[in-house]
file upload-v6.txt (compact mmCIF, C-alpha atoms)
# COMPACT_ATOMS: atom_id res chain seq x y z
CA ASP P 1 142.34 125.59 51.78
CA GLY P 2 142.92 126.41 48.14
CA SER P 3 140.75 129.53 48.00
CA GLY P 4 143.60 132.00 47.54
CA GLY P 5 141.62 134.52 49.52
CA ALA P 6 142.13 136.26 52.81
CA LEU P 7 139.97 135.49 55.82
CA LEU P 8 138.00 138.58 56.74
CA PRO P 9 138.49 139.97 60.25
CA GLU P 10 136.12 138.30 62.70
CA VAL P 11 134.04 141.44 63.17
CA ARG P 12 133.48 141.72 59.39
CA SER P 13 132.74 138.01 59.08
CA LYS P 14 130.12 138.30 61.81
CA GLU P 15 128.43 141.12 59.90
CA ILE P 16 127.82 138.80 56.94
CA ILE P 17 126.65 135.99 59.22
CA LYS P 18 124.32 138.48 60.92
CA GLU P 19 122.89 139.43 57.51
CA ILE P 20 122.08 135.76 56.83
CA ILE P 21 120.49 135.34 60.25
CA GLU P 22 118.28 138.39 59.71
CA THR P 23 117.24 137.15 56.26
CA SER P 24 116.63 133.45 56.93
CA PRO P 25 114.54 132.33 59.96
CA VAL P 26 115.63 128.74 59.36
CA TYR P 27 119.29 129.73 59.52
CA ALA P 28 118.64 131.88 62.58
CA ASN P 29 117.00 129.07 64.55
CA ALA P 30 118.78 125.95 63.25
CA ARG P 31 121.52 124.25 65.25
CA VAL P 32 124.91 125.47 64.02
CA TYR P 33 128.13 123.43 64.13
CA THR P 34 131.47 125.14 63.48
CA THR P 35 134.45 123.26 62.12
CA SER P 36 137.82 123.85 60.44
CA THR P 37 137.30 120.85 58.17
CA SER P 38 135.05 120.30 55.18
CA SER P 39 132.73 117.82 56.92
CA LEU P 40 131.53 116.75 60.34
CA LYS P 41 129.68 113.69 61.62
CA ILE P 42 127.19 114.39 64.39
CA ARG P 43 125.31 111.93 66.56
CA VAL P 44 121.53 112.28 66.36
CA LYS P 45 119.12 110.53 68.71
CA LYS P 46 116.45 108.40 67.08
CA GLU P 47 113.10 107.52 68.58
CA GLY P 48 113.30 105.11 71.51
CA THR P 49 111.38 103.82 74.53
CA ASN P 50 111.22 105.91 77.70
CA ASN P 51 111.12 103.56 80.68
CA ALA P 52 111.78 106.11 83.39
CA ALA P 53 109.60 105.20 86.40
CA ALA P 54 108.94 106.13 90.01
CA GLN P 55 110.57 103.76 92.51
CA ALA P 56 110.67 103.11 96.19
CA GLU P 57 113.84 104.02 98.09
CA GLY P 58 116.40 101.24 97.88
CA ALA P 59 114.63 99.40 95.09
CA ALA P 60 116.57 97.93 92.21
CA ALA P 61 116.63 99.80 88.92
CA GLY P 62 113.77 98.99 86.59
CA THR P 63 113.71 98.38 82.85
CA ALA P 64 116.31 100.29 80.88
CA SER P 65 115.15 102.92 78.40
CA GLU P 66 115.81 101.99 74.80
CA LEU P 67 117.68 104.69 72.98
CA SER P 68 119.39 104.51 69.61
CA TYR P 69 121.51 106.94 67.66
CA GLU P 70 122.61 107.47 64.10
CA PHE P 71 125.39 109.52 62.56
CA LEU P 72 124.52 112.40 60.27
CA GLU P 73 127.29 113.78 58.07
CA LEU P 74 127.25 117.50 57.35
CA LYS P 75 129.42 118.98 54.62
CA ALA P 76 130.46 122.55 53.91
CA GLY P 77 130.15 123.63 50.28
CA LYS P 78 131.29 126.91 48.78
CA ILE P 79 129.05 129.89 48.06
CA THR P 80 130.69 132.72 46.12
CA ASP P 81 129.58 136.23 45.24
CA LYS P 82 131.50 138.09 42.52
CA GLN P 83 131.61 141.91 42.36
CA GLU P 84 133.42 144.16 39.89
CA VAL P 85 134.71 147.65 40.64
CA THR P 86 136.85 150.00 38.52
CA GLN P 87 140.11 151.43 39.74
CA GLU P 88 138.59 154.92 39.40
CA MET P 89 135.84 153.99 41.83
CA ARG P 90 138.40 152.86 44.37
CA ASP P 91 140.49 155.99 43.86
CA ASP P 92 137.75 158.61 43.71
CA ALA P 93 134.97 157.33 45.97
CA GLU P 94 134.30 159.26 49.16
CA TYR P 95 133.68 156.03 51.03
CA ASN P 96 135.39 152.68 51.51
CA VAL P 97 134.42 150.80 48.35
CA MET P 98 135.60 147.44 49.70
CA THR P 99 133.32 147.81 52.72
CA GLU P 100 130.42 148.59 50.40
CA ILE P 101 131.22 145.52 48.31
CA MET P 102 131.33 143.37 51.44
CA GLN P 103 127.89 144.63 52.46
CA ASP P 104 126.43 143.96 49.01
CA SER P 105 127.96 140.49 48.94
CA GLY P 106 126.54 139.81 52.39
CA GLU P 107 123.05 140.60 51.12
CA ASN P 108 123.51 138.42 48.02
CA ILE P 109 124.86 135.47 50.01
CA ALA P 110 122.08 135.83 52.60
CA GLU P 111 119.42 135.62 49.88
CA LYS P 112 121.09 132.57 48.38
CA VAL P 113 121.36 130.71 51.69
CA SER P 114 117.75 131.62 52.58
CA ASP P 115 116.61 129.86 49.42
CA LEU P 116 118.99 126.89 49.74
CA VAL P 117 117.77 125.82 53.20
CA TRP P 118 114.40 125.13 51.57
CA ASN P 119 115.27 124.28 47.96
CA GLY P 120 118.94 123.31 47.90
CA VAL P 121 119.82 120.14 46.02
CA GLY P 122 122.69 118.97 48.19
CA GLY P 123 125.55 117.11 46.57
CA SER P 124 125.05 118.83 43.22
CA GLY P 125 128.19 120.65 42.14
CA ASN P 126 129.72 122.14 45.25
CA ASN P 127 126.39 122.79 46.97
CA GLU P 128 126.02 121.03 50.32
CA PHE P 129 122.72 122.53 51.42
CA TYR P 130 120.07 119.81 51.44
CA GLY P 131 116.80 121.73 51.35
CA ILE P 132 113.82 120.86 53.51
CA TYR P 133 111.55 120.71 50.45
CA LYS P 134 113.96 118.26 48.79
CA ASP P 135 113.84 115.73 51.63
CA SER P 136 111.43 113.08 50.36
CA THR P 137 110.79 111.68 53.83
CA VAL P 138 109.77 115.10 55.16
CA THR P 139 107.55 115.93 52.18
CA GLY P 140 106.16 112.38 52.09
CA GLU P 141 104.97 112.70 55.69
CA ALA P 142 103.51 116.21 55.27
CA PHE P 143 100.02 116.91 56.59
CA GLU P 144 97.95 117.38 53.45
CA ALA P 145 94.74 119.32 53.89
CA GLU P 146 92.80 122.35 52.74
CA PHE P 147 94.39 125.65 53.73
CA ASN P 148 92.03 126.87 56.45
CA TRP P 149 92.29 127.79 60.09
CA GLU P 150 90.93 124.48 61.40
CA ASN P 151 93.67 122.49 59.66
CA LEU P 152 96.44 124.90 60.65
CA VAL P 153 95.28 124.56 64.25
CA GLU P 154 95.49 120.77 63.88
CA LEU P 155 99.04 120.79 62.40
CA PRO P 156 100.99 120.96 65.72
CA TYR P 157 99.04 118.00 67.07
CA LYS P 158 100.53 115.80 64.37
CA LEU P 159 103.72 115.93 66.47
CA LYS P 160 104.52 114.68 69.94
CA LYS P 161 103.74 116.88 72.93
CA LYS P 162 107.41 117.49 73.75
CA VAL P 163 107.93 118.89 70.23
CA ARG P 164 104.82 121.09 70.42
CA ALA P 165 106.03 122.61 73.68
CA SER P 166 108.96 124.30 71.92
CA GLY P 167 107.48 124.55 68.43
CA SER P 168 106.70 127.50 66.18
CA TYR P 169 104.88 128.06 62.91
CA TYR P 170 107.11 129.04 59.97
CA VAL P 171 104.95 130.50 57.22
CA SER P 172 105.33 132.09 53.81
CA THR P 173 104.38 135.72 53.31
CA GLU P 174 101.21 134.74 51.47
CA ALA P 175 100.25 132.23 54.17
CA LEU P 176 100.77 134.86 56.88
CA THR P 177 98.59 137.34 54.98
CA THR P 178 95.79 134.77 54.92
CA MET P 179 96.26 133.76 58.55
CA ARG P 180 95.85 137.37 59.63
CA LYS P 181 92.32 137.26 58.22
CA PHE P 182 91.23 134.09 60.05
CA LYS P 183 88.43 134.71 62.59
CA ASP P 184 86.54 132.50 65.03
CA ALA P 185 82.75 132.03 65.18
CA ASN P 186 82.46 135.26 67.15
CA GLY P 187 84.39 137.28 64.59
CA GLN P 188 87.52 137.54 66.74
CA PRO P 189 90.90 137.35 64.96
CA LEU P 190 92.73 134.06 65.47
CA TYR P 191 96.10 135.63 64.71
CA VAL P 192 97.49 137.92 67.42
CA ALA P 193 99.81 140.59 66.06
CA PRO P 194 103.05 141.26 68.01
CA LEU P 195 103.27 144.29 70.26
CA THR P 196 106.86 144.95 69.20
CA GLN P 197 107.95 145.31 65.58
CA GLY P 198 110.06 142.36 64.46
CA GLU P 199 108.75 139.96 67.08
CA PRO P 200 106.65 136.95 65.99
CA GLY P 201 102.87 137.06 66.19
CA MET P 202 100.86 134.25 67.76
CA PHE P 203 98.43 131.71 66.28
CA ASN P 204 96.86 128.83 68.18
CA GLY P 205 99.09 129.74 71.13
CA PHE P 206 102.35 129.33 69.17
CA PRO P 207 104.76 131.89 67.66
CA VAL P 208 104.39 132.61 63.95
CA ILE P 209 107.63 133.34 62.06
CA GLU P 210 107.47 134.70 58.52
CA ASP P 211 109.87 133.24 55.97
CA PRO P 212 109.51 134.84 52.51
CA TYR P 213 111.53 132.01 50.95
CA MET P 214 108.88 129.38 51.63
CA ASP P 215 106.31 128.22 49.07
CA GLU P 216 103.30 130.34 48.32
CA VAL P 217 99.79 129.01 48.99
CA ALA P 218 99.00 126.77 46.02
CA THR P 219 97.94 123.17 45.43
CA GLY P 220 100.77 120.75 46.18
CA LYS P 221 102.95 123.41 47.82
CA TYR P 222 104.28 123.61 51.39
CA PRO P 223 103.64 127.15 52.71
CA VAL P 224 103.63 126.22 56.43
CA PHE P 225 105.98 124.32 58.71
CA PHE P 226 105.54 123.62 62.41
CA GLY P 227 108.25 122.36 64.71
CA ASN P 228 111.40 123.01 66.68
CA MET P 229 113.82 124.26 64.02
CA ARG P 230 116.88 124.00 66.29
CA GLN P 231 116.33 120.26 66.58
CA PHE P 232 114.98 119.81 63.04
CA TYR P 233 117.70 121.42 60.89
CA ALA P 234 121.48 121.69 61.22
CA ILE P 235 124.02 124.08 59.67
CA LEU P 236 127.73 123.38 59.25
CA ARG P 237 129.90 126.50 59.16
CA ARG P 238 133.54 126.15 58.12
CA LYS P 239 135.93 128.82 59.40
CA GLY P 240 134.78 132.30 58.44
CA VAL P 241 134.23 134.38 55.32
CA TYR P 242 136.90 134.94 52.65
CA MET P 243 137.35 137.95 50.41
CA GLU P 244 139.73 137.85 47.46
CA PRO P 245 140.36 140.86 45.15
CA LYS P 246 141.79 140.09 41.72
CA ARG P 247 143.28 142.75 39.43
CA ASP P 248 142.24 142.76 35.74
CA ALA P 249 144.78 145.21 34.32
CA ASP P 250 143.42 145.08 30.74
CA LYS P 251 140.03 146.35 31.92
CA ASP P 252 141.48 148.58 34.65
CA MET P 253 139.14 146.80 37.03
CA TRP P 254 139.16 144.84 40.27
CA VAL P 255 137.12 141.65 40.57
CA VAL P 256 136.26 140.88 44.20
CA TYR P 257 135.17 137.40 45.29
CA THR P 258 133.48 136.83 48.64
CA ARG P 259 133.29 133.20 49.72
CA LEU P 260 131.41 131.40 52.45
CA ARG P 261 131.80 127.70 53.18
CA GLU P 262 128.66 126.21 54.69
CA GLY P 263 126.13 123.42 54.30
CA GLY P 264 122.94 122.21 55.91
CA LYS P 265 120.71 119.18 56.27
CA VAL P 266 117.58 118.02 58.08
CA ARG P 267 118.80 116.85 61.49
CA GLN P 268 115.78 115.16 63.13
CA LYS P 269 112.70 114.67 60.98
CA SER P 270 110.51 113.93 64.00
CA GLN P 271 110.97 117.51 65.22
CA GLY P 272 108.81 119.16 62.57
CA LYS P 273 106.09 118.71 59.97
CA LEU P 274 105.22 120.43 56.73
CA PHE P 275 101.70 121.46 55.74
CA LYS P 276 100.83 120.56 52.13
CA VAL P 277 97.99 122.37 50.41
CA LYS P 278 95.39 119.89 49.21
CA ALA P 279 93.75 120.24 45.82
CA GLY P 280 90.66 122.37 46.08
CA GLY P 281 92.00 124.10 49.18

call {"tool": "encode", "arguments": {"input": "upload-v6.txt", "output": "structure tokens"}}
result
Amino acid sequence: DGSGGALLPEVRSKEIIKEIIETSPVYANARVYTTSTSSLKIRVKKEGTNNAAAQAEGAAAGTASELSYEFLELKAGKITDKQEVTQEMRDDAEYNVMTEIMQDSGENIAEKVSDLVWNGVGGSGNNEFYGIYKDSTVTGEAFEAEFNWENLVELPYKLKKKVRASGSYYVSTEALTTMRKFKDANGQPLYVAPLTQGEPGMFNGFPVIEDPYMDEVATGKYPVFFGNMRQFYAILRRKGVYMEPKRDADKDMWVVYTRLREGGKVRQKSQGKLFKVKAGG
């Protein structure tokens, strides 16, 4: 594939993927497609008419449901992390330096992907992550209101019932901090903290998932999303993870490149909605 690198063993590759999953809630919950090519066209169902109906035994079939589909093309771009290590470090270290480099690169790549799923400008350079915040249709249809508990409660009801049934709140760290302080007329907290560390809390009867890479609470920003992320966003993963060491003899140093080929794009816009902070809110 032109990289010149060696594909990491599957167990090592999975460690880096696991790091991304633990860092990015969008990545963890999006629908993932795996391919050996640089792009993939997937069929996505558009809105249609549901004409399913109860019938008597032996009756002829009724009106057909109207369903339509469109093709969405996902592409895998290249994300690279570069690390430098001296020959002395490799010779004298009391641990496996290459393993340490792989772990550091995993963290760096995870942070990059976590930002790209929200802010990536797909098609620029070799980046194929089309960020949620960069989709003009999604941002154009955002629910704009003051940031208070009444409006956050209303957000899920901007979507169809079948979406709400499997939906979750995705919120920035600042938004979550504020939501924890919301109380009803009787002074009871509206946010229910999880019983187990790492599990999502609950708000308005739905799970609340913190994503530190989302916008902070400010006018014109999008600090909250509600929807079914598996249906809303798609990830294309090409092969595995590559690591390529390159010797720089003049500097007595090794330069190690870790490469991941992935991309992402909004899959079904109807499966989620952003909350936009209104001026004065």

call {"tool": "atom_distance", "arguments": {"input": "upload-v6.txt", "atom1": "CA of Phe226 in chain P", "atom2": "CA of Pro207 in chain P"}}
result
9.8 Å

call {"tool": "residues_near_point", "arguments": {"input": "upload-v6.txt", "point": "(117.0, 117.3, 55.1)", "cutoff": "6 Å", "atoms": "all atoms listed in the file", "output": "PyMOL selection string"}}
result
chain P and resi 130-132+135+265-266

call {"tool": "closest_residue", "arguments": {"input": "upload-v6.txt", "among": "P:Met98, P:Ile209, P:Val256, P:Ala110", "to": "Gln83 in chain P", "atoms": "only C-alpha atoms"}}
result
P:Val256

call {"tool": "closest_residue", "arguments": {"input": "upload-v6.txt", "among": "P:Trp254, P:Ala30, P:Asn228, P:Arg261", "to": "Gly77 in chain P", "atoms": "all atoms listed in the file"}}
result
P:Arg261

call {"tool": "residues_around", "arguments": {"input": "upload-v6.txt", "residues": "Arg43 in chain P", "least_positions_apart": "6", "cutoff": "10 Å", "atoms": "only C-alpha atoms", "output": "JSON, numbers by chain"}}
result
{"P": [68, 69, 70, 71, 72, 73, 267]}

call {"tool": "residues_near_point", "arguments": {"input": "upload-v6.txt", "point": "(109.0, 129.9, 51.7)", "cutoff": "7 Å", "atoms": "only C-alpha atoms", "output": "list in words"}}
result
Val171, Ser172, Asp211, Pro212, Tyr213, Met214, Asp215, Glu216 and Pro223 of chain P

call {"tool": "closest_residue", "arguments": {"input": "upload-v6.txt", "among": "P:Ala279, P:Ile16, P:Met229, P:Leu155", "to": "Asn204 in chain P", "atoms": "only C-alpha atoms"}}
result
P:Leu155

call {"tool": "residues_around", "arguments": {"input": "upload-v6.txt", "residues": "Gly122 in chain P", "least_positions_apart": "3", "cutoff": "12 Å", "atoms": "only C-alpha atoms", "output": "PyMOL selection string"}}
result
chain P and resi 74-78+116-119+125-135+262-266

call {"tool": "atom_distance", "arguments": {"input": "upload-v6.txt", "atom1": "CA of Val217 in chain P", "atom2": "CA of Ile20 in chain P"}}
result
24.6 Å

call {"tool": "closest_residue", "arguments": {"input": "upload-v6.txt", "among": "P:Leu236, P:Ala165, P:Ala52, P:Met102", "to": "Tyr33 in chain P", "atoms": "only C-alpha atoms"}}
result
P:Leu236

call {"tool": "atom_distance", "arguments": {"input": "upload-v6.txt", "atom1": "CA of Gln268 in chain P", "atom2": "CA of Thr23 in chain P"}}
result
23.1 Å

call {"tool": "closest_residue", "arguments": {"input": "upload-v6.txt", "among": "P:Asn96, P:Thr63, P:Thr139, P:Asn108", "to": "Tyr222 in chain P", "atoms": "all atoms listed in the file"}}
result
P:Thr139

call {"tool": "residues_around", "arguments": {"input": "upload-v6.txt", "residues": "Lys278 in chain P", "least_positions_apart": "6", "cutoff": "12 Å", "atoms": "only C-alpha atoms", "output": "list in words"}}
result
Ala142, Phe143, Glu144, Ala145, Glu146, Phe147, Asn148, Asn151, Val217, Ala218, Thr219, Gly220, Lys221, Tyr222 and Pro223 of chain P

call {"tool": "closest_residue", "arguments": {"input": "upload-v6.txt", "among": "P:Ala28, P:Ile101, P:Leu40, P:Leu152", "to": "Met243 in chain P", "atoms": "all atoms listed in the file"}}
result
P:Ile101

call {"tool": "decode", "arguments": {"input": "upload-v6.txt", "residues": "range 170-191 of chain P", "atoms": "N, CA and C atoms", "output": "PDB file, in the first residue's frame"}}
result
ATOM      1  N   TYR P 170     -24.845  13.023  24.542  1.00  0.00           N
ATOM      2  CA  TYR P 170     -23.384  13.158  24.502  1.00  0.00           C
ATOM      3  C   TYR P 170     -23.100  14.608  24.871  1.00  0.00           C
ATOM      4  N   VAL P 171     -22.312  14.825  25.914  1.00  0.00           N
ATOM      5  CA  VAL P 171     -22.160  16.181  26.440  1.00  0.00           C
ATOM      6  C   VAL P 171     -20.696  16.499  26.717  1.00  0.00           C
ATOM      7  N   SER P 172     -20.350  17.775  26.572  1.00  0.00           N
ATOM      8  CA  SER P 172     -19.004  18.210  26.904  1.00  0.00           C
ATOM      9  C   SER P 172     -18.802  18.174  28.414  1.00  0.00           C
ATOM     10  N   THR P 173     -17.558  18.263  28.837  1.00  0.00           N
ATOM     11  CA  THR P 173     -17.256  18.240  30.267  1.00  0.00           C
ATOM     12  C   THR P 173     -17.928  19.408  30.984  1.00  0.00           C
ATOM     13  N   GLU P 174     -17.884  20.583  30.373  1.00  0.00           N
ATOM     14  CA  GLU P 174     -18.508  21.749  30.993  1.00  0.00           C
ATOM     15  C   GLU P 174     -20.021  21.598  31.069  1.00  0.00           C
ATOM     16  N   ALA P 175     -20.620  21.053  30.003  1.00  0.00           N
ATOM     17  CA  ALA P 175     -22.066  20.834  30.006  1.00  0.00           C
ATOM     18  C   ALA P 175     -22.455  19.844  31.097  1.00  0.00           C
ATOM     19  N   LEU P 176     -21.682  18.774  31.244  1.00  0.00           N
ATOM     20  CA  LEU P 176     -21.975  17.780  32.275  1.00  0.00           C
ATOM     21  C   LEU P 176     -21.872  18.391  33.664  1.00  0.00           C
ATOM     22  N   THR P 177     -20.878  19.230  33.883  1.00  0.00           N
ATOM     23  CA  THR P 177     -20.717  19.887  35.183  1.00  0.00           C
ATOM     24  C   THR P 177     -21.950  20.710  35.525  1.00  0.00           C
ATOM     25  N   THR P 178     -22.499  21.400  34.524  1.00  0.00           N
ATOM     26  CA  THR P 178     -23.700  22.202  34.741  1.00  0.00           C
ATOM     27  C   THR P 178     -24.924  21.323  34.959  1.00  0.00           C
ATOM     28  N   MET P 179     -25.045  20.256  34.172  1.00  0.00           N
ATOM     29  CA  MET P 179     -26.195  19.362  34.289  1.00  0.00           C
ATOM     30  C   MET P 179     -26.270  18.701  35.661  1.00  0.00           C
ATOM     31  N   ARG P 180     -25.123  18.454  36.259  1.00  0.00           N
ATOM     32  CA  ARG P 180     -25.100  17.855  37.592  1.00  0.00           C
ATOM     33  C   ARG P 180     -25.716  18.764  38.647  1.00  0.00           C
ATOM     34  N   LYS P 181     -25.799  20.054  38.346  1.00  0.00           N
ATOM     35  CA  LYS P 181     -26.338  21.016  39.300  1.00  0.00           C
ATOM     36  C   LYS P 181     -27.826  21.285  39.092  1.00  0.00           C
ATOM     37  N   PHE P 182     -28.398  20.792  37.992  1.00  0.00           N
ATOM     38  CA  PHE P 182     -29.816  21.023  37.720  1.00  0.00           C
ATOM     39  C   PHE P 182     -30.684  20.349  38.778  1.00  0.00           C
ATOM     40  N   LYS P 183     -31.708  21.071  39.269  1.00  0.00           N
ATOM     41  CA  LYS P 183     -32.635  20.516  40.266  1.00  0.00           C
ATOM     42  C   LYS P 183     -34.066  20.860  39.881  1.00  0.00           C
ATOM     43  N   ASP P 184     -35.006  20.003  40.307  1.00  0.00           N
ATOM     44  CA  ASP P 184     -36.409  20.268  40.016  1.00  0.00           C
ATOM     45  C   ASP P 184     -36.982  21.243  41.040  1.00  0.00           C
ATOM     46  N   ALA P 185     -38.298  21.494  40.965  1.00  0.00           N
ATOM     47  CA  ALA P 185     -38.940  22.467  41.848  1.00  0.00           C
ATOM     48  C   ALA P 185     -38.852  22.070  43.313  1.00  0.00           C
ATOM     49  N   ASN P 186     -38.633  20.780  43.562  1.00  0.00           N
ATOM     50  CA  ASN P 186     -38.530  20.294  44.941  1.00  0.00           C
ATOM     51  C   ASN P 186     -37.088  20.199  45.421  1.00  0.00           C
ATOM     52  N   GLY P 187     -36.156  20.682  44.593  1.00  0.00           N
ATOM     53  CA  GLY P 187     -34.760  20.659  44.993  1.00  0.00           C
ATOM     54  C   GLY P 187     -34.063  19.333  44.771  1.00  0.00           C
ATOM     55  N   GLN P 188     -34.711  18.415  44.034  1.00  0.00           N
ATOM     56  CA  GLN P 188     -34.113  17.115  43.767  1.00  0.00           C
ATOM     57  C   GLN P 188     -33.255  17.175  42.505  1.00  0.00           C
ATOM     58  N   PRO P 189     -32.067  16.579  42.538  1.00  0.00           N
ATOM     59  CA  PRO P 189     -31.194  16.593  41.359  1.00  0.00           C
ATOM     60  C   PRO P 189     -31.862  15.929  40.153  1.00  0.00           C
ATOM     61  N   LEU P 190     -31.702  16.527  38.985  1.00  0.00           N
ATOM     62  CA  LEU P 190     -32.254  15.952  37.761  1.00  0.00           C
ATOM     63  C   LEU P 190     -31.278  14.984  37.099  1.00  0.00           C
ATOM     64  N   TYR P 191     -30.015  15.115  37.459  1.00  0.00           N
ATOM     65  CA  TYR P 191     -28.993  14.202  36.941  1.00  0.00           C
ATOM     66  C   TYR P 191     -28.744  13.109  37.977  1.00  0.00           C
TER      67      TYR P 191
END
